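Asks: Okay, handing you the structure first.
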Amino acid sequence: MLVDGVFQSEPFLELIGNKIVDASKDHRPVRIFGELVALLWAEEKRREAIQLEAYWNTWLKKYPFQLMCAYPLHDLSRQAYERDFVELCQSHTHVIPTESYTAFTSEDASLRTVALLQQQTASLRVEQEERLAAQRLAQAKDQFLSMASHELKTPLTSLQGFLALVQKYETTQAGGNDTILRCLSLMKSQIERMTRLIGDLFDVSQMQAGTLTYQHAPFAIDALVQESVETVQATTSTHLLHLEGLCAAHVNGDRDRIEQVIINLLNNAIKYSPNADRVIMRVERNIGFVHLYIQDFGMGIAPEHQHKIFEQFYRVKQTQKISGLGIGLFICREIVQHHQGQLWVESAPDYGTTFHMILPRSADETPFPEGE
Ligand code: ADP
């Protein structure tokens, strides 16, 4: 009875009309169960369902029958359906709610139930409004993060450029005043720190927007690990970084992004072990993947925090005196997962922490000299 999704009343009327006439012979009462309307509604054809109810009402004037329609409540339960639902109820002479609301023993009992339903509806509305407000707030936060990190990057880049010029001038032209050179080098490390923080914020906003891009190419893990360790070693005088193991394996991925993960984990290892003097970075080759370990001997992480530290902006309360934004590990895990790898933590409070990272090996790497 639907042609191109449009209900055809004439053939339907002819079919049903004849049946009603047959069934009502000898003045027998005819009752019809109208299932089609509910089926149309379930298929999101709400206007057609209402239209069909209107047809039934016209035929009621012509033929002797009673029509009963049943609608599953879950198909009516969207707030956007409210207007159609009212219209649907208006097209019926009687509306009976679901069974649990039809067995009242007194008017008082039914009024109490209505009051309870009103309270439940009101509380659902409030909850929905709160959820929408929270969604809007989260959206505004993401937009702000994206805009602020983008806007802050530009002046920082030019500051870095000018600082390099002044440093060069001071050493070559001005003869190199020690105090000025020291101040300039402090400025440089603070600008670098700020660049990292803003870079992290920018990464998070891109990850949320799904616009972070990766440049994939096969690269050697050993060289990358060596470079990362050297880079971080140059920034610390308190810790000695020990590099253990060799894997002679390649990974197919974004080298800079994997370097970012290793540097982040090494920096954390130093930052969260202020009373220790060493960090171990270990590399292992396994069948199909490489396994990287970054171990420190610092404050450790209690078990109840271990799965949460990878969430955005999560910081363990005891470490809040140490500066940080709480997004480094979130970024690390996103990057590792993008490479079909895994990143997890093993830790015991006061004994230290080991971060484990595994990455799939590239299929086209050169064979390992000693074999597997
Ligand atoms: P940030 O260091 O900026 O706070 P991260 O996302 O890198 O952000 O880390 C989240 C939290 O996990 C840190 O605030 C800290 O509480 C905890 N954490 C990370 N690395 C270590 C570690 N090596 N030892 C102890 N706690 C750590």
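Residues in the structure tokens are named by chain (A, B, ... in the order shown) and by number from 1 within that chain; ligands are numbered from 1 in the order shown.
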Tell me, which residues of segment 223-303 of chain A carry DSSP helix (DSSP H, G or I), written as a ChimeraX atom specification?

Replies: /A:223-233,255-271,303

Asks: Please identify all polymer residues within 12 Å of segment 151-163 of chain A, counting only C-alpha atoms, omitting same-chain residues fewer than 6 positions from it, and present them as a list in words.

Replies: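 Near segment 151-163 of chain A, the qualifying residues are Phe144, Leu145, Tyr169, Glu170, Ile180, Leu181, Cys183, Leu184, Ser185, Leu186, Met187, Lys188, Ser189, Gln190, Ile191, Glu192, Arg193, Met194, Thr195, Arg196, Leu197, Ile198, Gly199, Asp200, Leu201, Phe202 and Asp203 of chain A.
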
Asks: Can you work out which one of A:Ile280, A:Ala269, A:Pro303, A:Val229 has the shortest atom-to-atom distance to ligand 1, counting only C-alpha atoms and all ligand atoms?

Replies: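 Nearest candidate to ligand 1 out of A:Ile280, A:Ala269, A:Pro303, A:Val229: A:Ala269.
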
Asks: Can you check which residues of segment 127-297 of chain A DSSP gives as strand (DSSP E) on the backbone and send them as number ranges by chain?

Replies: A: 217-220, 240-244, 250-253, 278-286, 289-296

Asks: Taking only C-alpha atoms and all ligand atoms and a cut-off of 7 Å, can you tell me which residues surround ligand 1, written as JSON, numbers by chain?

Replies: {"A": [264, 265, 268, 269, 272, 273, 296, 298, 299, 300, 301, 309, 310, 313, 314, 315, 316, 317, 319, 320, 323, 324, 325, 326, 327, 328, 329, 330, 352, 353]}

Asks: Those residues with N, CA and C atoms, as a PDB file, in the first residue's frame please?

Replies:
```
ATOM      1  N   ASN A 264      59.062  12.436  25.900  1.00  0.00           N
ATOM      2  CA  ASN A 264      58.084  12.731  26.951  1.00  0.00           C
ATOM      3  C   ASN A 264      58.230  11.764  28.123  1.00  0.00           C
ATOM      4  N   LEU A 265      58.384  10.473  27.814  1.00  0.00           N
ATOM      5  CA  LEU A 265      58.488   9.468  28.885  1.00  0.00           C
ATOM      6  C   LEU A 265      59.808   9.635  29.646  1.00  0.00           C
ATOM      7  N   ASN A 268      59.447  12.686  31.890  1.00  0.00           N
ATOM      8  CA  ASN A 268      58.632  12.337  33.061  1.00  0.00           C
ATOM      9  C   ASN A 268      59.453  11.528  34.064  1.00  0.00           C
ATOM     10  N   ALA A 269      60.251  10.586  33.541  1.00  0.00           N
ATOM     11  CA  ALA A 269      61.042   9.726  34.431  1.00  0.00           C
ATOM     12  C   ALA A 269      61.973  10.593  35.291  1.00  0.00           C
ATOM     13  N   TYR A 272      59.685  12.979  37.752  1.00  0.00           N
ATOM     14  CA  TYR A 272      59.011  12.343  38.890  1.00  0.00           C
ATOM     15  C   TYR A 272      59.947  11.444  39.713  1.00  0.00           C
ATOM     16  N   SER A 273      61.270  11.660  39.559  1.00  0.00           N
ATOM     17  CA  SER A 273      62.210  10.942  40.451  1.00  0.00           C
ATOM     18  C   SER A 273      63.261  11.930  40.937  1.00  0.00           C
ATOM     19  N   ASP A 296      62.274   4.386  35.892  1.00  0.00           N
ATOM     20  CA  ASP A 296      62.863   5.337  36.839  1.00  0.00           C
ATOM     21  C   ASP A 296      62.778   4.771  38.246  1.00  0.00           C
ATOM     22  N   GLY A 298      61.793   6.582  41.040  1.00  0.00           N
ATOM     23  CA  GLY A 298      61.221   7.736  41.718  1.00  0.00           C
ATOM     24  C   GLY A 298      60.037   7.408  42.599  1.00  0.00           C
ATOM     25  N   MET A 299      59.092   8.339  42.625  1.00  0.00           N
ATOM     26  CA  MET A 299      57.986   8.264  43.583  1.00  0.00           C
ATOM     27  C   MET A 299      56.953   7.187  43.257  1.00  0.00           C
ATOM     28  N   GLY A 300      56.933   6.709  42.019  1.00  0.00           N
ATOM     29  CA  GLY A 300      55.982   5.656  41.650  1.00  0.00           C
ATOM     30  C   GLY A 300      54.551   6.167  41.564  1.00  0.00           C
ATOM     31  N   ILE A 301      53.668   5.272  41.156  1.00  0.00           N
ATOM     32  CA  ILE A 301      52.244   5.652  40.985  1.00  0.00           C
ATOM     33  C   ILE A 301      51.398   4.578  41.666  1.00  0.00           C
ATOM     34  N   ILE A 309      46.114   7.881  34.555  1.00  0.00           N
ATOM     35  CA  ILE A 309      47.126   8.882  34.150  1.00  0.00           C
ATOM     36  C   ILE A 309      47.173   9.094  32.640  1.00  0.00           C
ATOM     37  N   PHE A 310      46.536   8.194  31.877  1.00  0.00           N
ATOM     38  CA  PHE A 310      46.519   8.365  30.419  1.00  0.00           C
ATOM     39  C   PHE A 310      45.338   9.224  29.963  1.00  0.00           C
ATOM     40  N   PHE A 313      44.320  15.670  31.077  1.00  0.00           N
ATOM     41  CA  PHE A 313      44.380  16.572  32.234  1.00  0.00           C
ATOM     42  C   PHE A 313      44.397  15.857  33.589  1.00  0.00           C
ATOM     43  N   TYR A 314      44.637  14.530  33.582  1.00  0.00           N
ATOM     44  CA  TYR A 314      44.673  13.824  34.869  1.00  0.00           C
ATOM     45  C   TYR A 314      46.075  13.907  35.454  1.00  0.00           C
ATOM     46  N   ARG A 315      46.144  14.360  36.706  1.00  0.00           N
ATOM     47  CA  ARG A 315      47.424  14.413  37.407  1.00  0.00           C
ATOM     48  C   ARG A 315      47.232  13.805  38.790  1.00  0.00           C
ATOM     49  N   VAL A 316      48.207  13.033  39.245  1.00  0.00           N
ATOM     50  CA  VAL A 316      48.102  12.441  40.576  1.00  0.00           C
ATOM     51  C   VAL A 316      48.310  13.563  41.600  1.00  0.00           C
ATOM     52  N   LYS A 317      47.412  13.590  42.608  1.00  0.00           N
ATOM     53  CA  LYS A 317      47.426  14.697  43.558  1.00  0.00           C
ATOM     54  C   LYS A 317      48.806  14.928  44.189  1.00  0.00           C
ATOM     55  N   THR A 319      51.613  14.595  43.064  1.00  0.00           N
ATOM     56  CA  THR A 319      52.665  15.147  42.184  1.00  0.00           C
ATOM     57  C   THR A 319      52.299  16.547  41.692  1.00  0.00           C
ATOM     58  N   GLN A 320      51.237  17.132  42.271  1.00  0.00           N
ATOM     59  CA  GLN A 320      50.776  18.399  41.699  1.00  0.00           C
ATOM     60  C   GLN A 320      51.708  19.579  41.944  1.00  0.00           C
ATOM     61  N   SER A 323      55.533  20.805  38.097  1.00  0.00           N
ATOM     62  CA  SER A 323      54.741  21.451  37.042  1.00  0.00           C
ATOM     63  C   SER A 323      54.368  20.497  35.907  1.00  0.00           C
ATOM     64  N   GLY A 324      53.232  20.749  35.305  1.00  0.00           N
ATOM     65  CA  GLY A 324      52.766  19.896  34.200  1.00  0.00           C
ATOM     66  C   GLY A 324      51.302  20.174  33.902  1.00  0.00           C
ATOM     67  N   LEU A 325      50.862  19.767  32.725  1.00  0.00           N
ATOM     68  CA  LEU A 325      49.474  20.012  32.322  1.00  0.00           C
ATOM     69  C   LEU A 325      48.619  18.746  32.377  1.00  0.00           C
ATOM     70  N   GLY A 326      49.276  17.605  32.491  1.00  0.00           N
ATOM     71  CA  GLY A 326      48.512  16.349  32.540  1.00  0.00           C
ATOM     72  C   GLY A 326      48.018  15.888  31.178  1.00  0.00           C
ATOM     73  N   ILE A 327      48.710  16.268  30.111  1.00  0.00           N
ATOM     74  CA  ILE A 327      48.261  15.804  28.787  1.00  0.00           C
ATOM     75  C   ILE A 327      49.329  14.993  28.051  1.00  0.00           C
ATOM     76  N   GLY A 328      50.550  14.967  28.621  1.00  0.00           N
ATOM     77  CA  GLY A 328      51.647  14.276  27.935  1.00  0.00           C
ATOM     78  C   GLY A 328      51.339  12.804  27.668  1.00  0.00           C
ATOM     79  N   LEU A 329      50.882  12.090  28.688  1.00  0.00           N
ATOM     80  CA  LEU A 329      50.633  10.647  28.516  1.00  0.00           C
ATOM     81  C   LEU A 329      49.431  10.386  27.617  1.00  0.00           C
ATOM     82  N   PHE A 330      48.463  11.290  27.667  1.00  0.00           N
ATOM     83  CA  PHE A 330      47.299  11.155  26.765  1.00  0.00           C
ATOM     84  C   PHE A 330      47.785  11.198  25.315  1.00  0.00           C
ATOM     85  N   GLY A 352      59.459   3.168  42.151  1.00  0.00           N
ATOM     86  CA  GLY A 352      59.718   3.636  40.787  1.00  0.00           C
ATOM     87  C   GLY A 352      58.690   3.134  39.786  1.00  0.00           C
ATOM     88  N   THR A 353      58.908   3.567  38.558  1.00  0.00           N
ATOM     89  CA  THR A 353      57.920   3.341  37.505  1.00  0.00           C
ATOM     90  C   THR A 353      58.616   2.860  36.240  1.00  0.00           C
TER      91      THR A 353
END
```

Asks: Just give me the gap between atom CA of Gln295 of chain A and atom CA of Asn252 of chain A in Å, one decimal is fine.

Replies: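 For atom CA of Gln295 of chain A relative to atom CA of Asn252 of chain A, the distance reads 24.7 Å.
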
Asks: Write out as a list in words which residues come within 10 Å of Leu212 of chain A when counting only C-alpha atoms, dropping same-chain ones fewer than 4 positions away.

Replies: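 Returned residues: Phe202, Asp203, Val204, Ser205, Gln206, Met207, Gln208 and Ile335 of chain A.
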
Asks: Rounded to one decimal in Å, what is the spacing between atom CA of Ser77 of chain A and atom CA of Ser100 of chain A?

Replies: 16.8 Å

Asks: Calculated over only C-alpha atoms, which of the candidates A:Gly253, A:Phe7, A:Glu334, A:Thr354 has the smallest distance to Lys45 of chain A?

Replies: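 Closest residue, counting only C-alpha atoms: A:Phe7.
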
Asks: In Å, with one decimal, what is the gap from atom CA of Leu132 of chain A to atom CA of Arg333 of chain A?

Replies: 28.8 Å

Asks: Rank A:Ser24, A:Thr58, A:Ser123, A:Ser347 by their smallest atom-to-atom distance to Gln306 of chain A, using only C-alpha atoms, and report the top residue only.

Replies: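 Nearest to Gln306 of chain A: A:Ser347.
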
Asks: Which residues come within 12 Å of Tyr63 of chain A, counting only C-alpha atoms, excluding same-chain residues fewer than 6 positions away, as a list in words?

Replies: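 Contacts, in chain order: Leu13, Glu14, Ile16, Gly17, Asn18, Lys19, Ile20, Val21, Asp22, Ala23, Ser24, Lys25, His27, Pro29, Val30, Arg31, Ile32, Trp56 and Asn57 of chain A.
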
Asks: Identify which of the residues A:Ala109, A:Leu292, A:Ala54, A:Ala302 lies closest to Met357 of chain A, counting only C-alpha atoms when measuring atom-to-atom distances.

Replies: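 For Met357 of chain A, the nearest of the given residues is A:Leu292.
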
Asks: Return the single residue from A:Ser237, A:Thr213, A:Gln66, A:Glu48 that is closest to Val3 of chain A, with distances computed using only C-alpha atoms.

Replies: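 Smallest separation from Val3 of chain A among the options: A:Glu48.
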
Asks: Applying 8 Å and only C-alpha atoms, which residues near Ala248 of chain A remain after dropping the ones on its own chain fewer than 4 positions away? List them as a PyMOL selection string.

Replies: chain A and resi 220-222+285+368

Asks: Point out the residue among A:Arg46, A:Arg361, A:His92, A:Arg136 with the least atom-to-atom distance to Leu76 of chain A, counting only C-alpha atoms.

Replies: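 That would be A:Arg46, the residue with the smallest distance to Leu76 of chain A.
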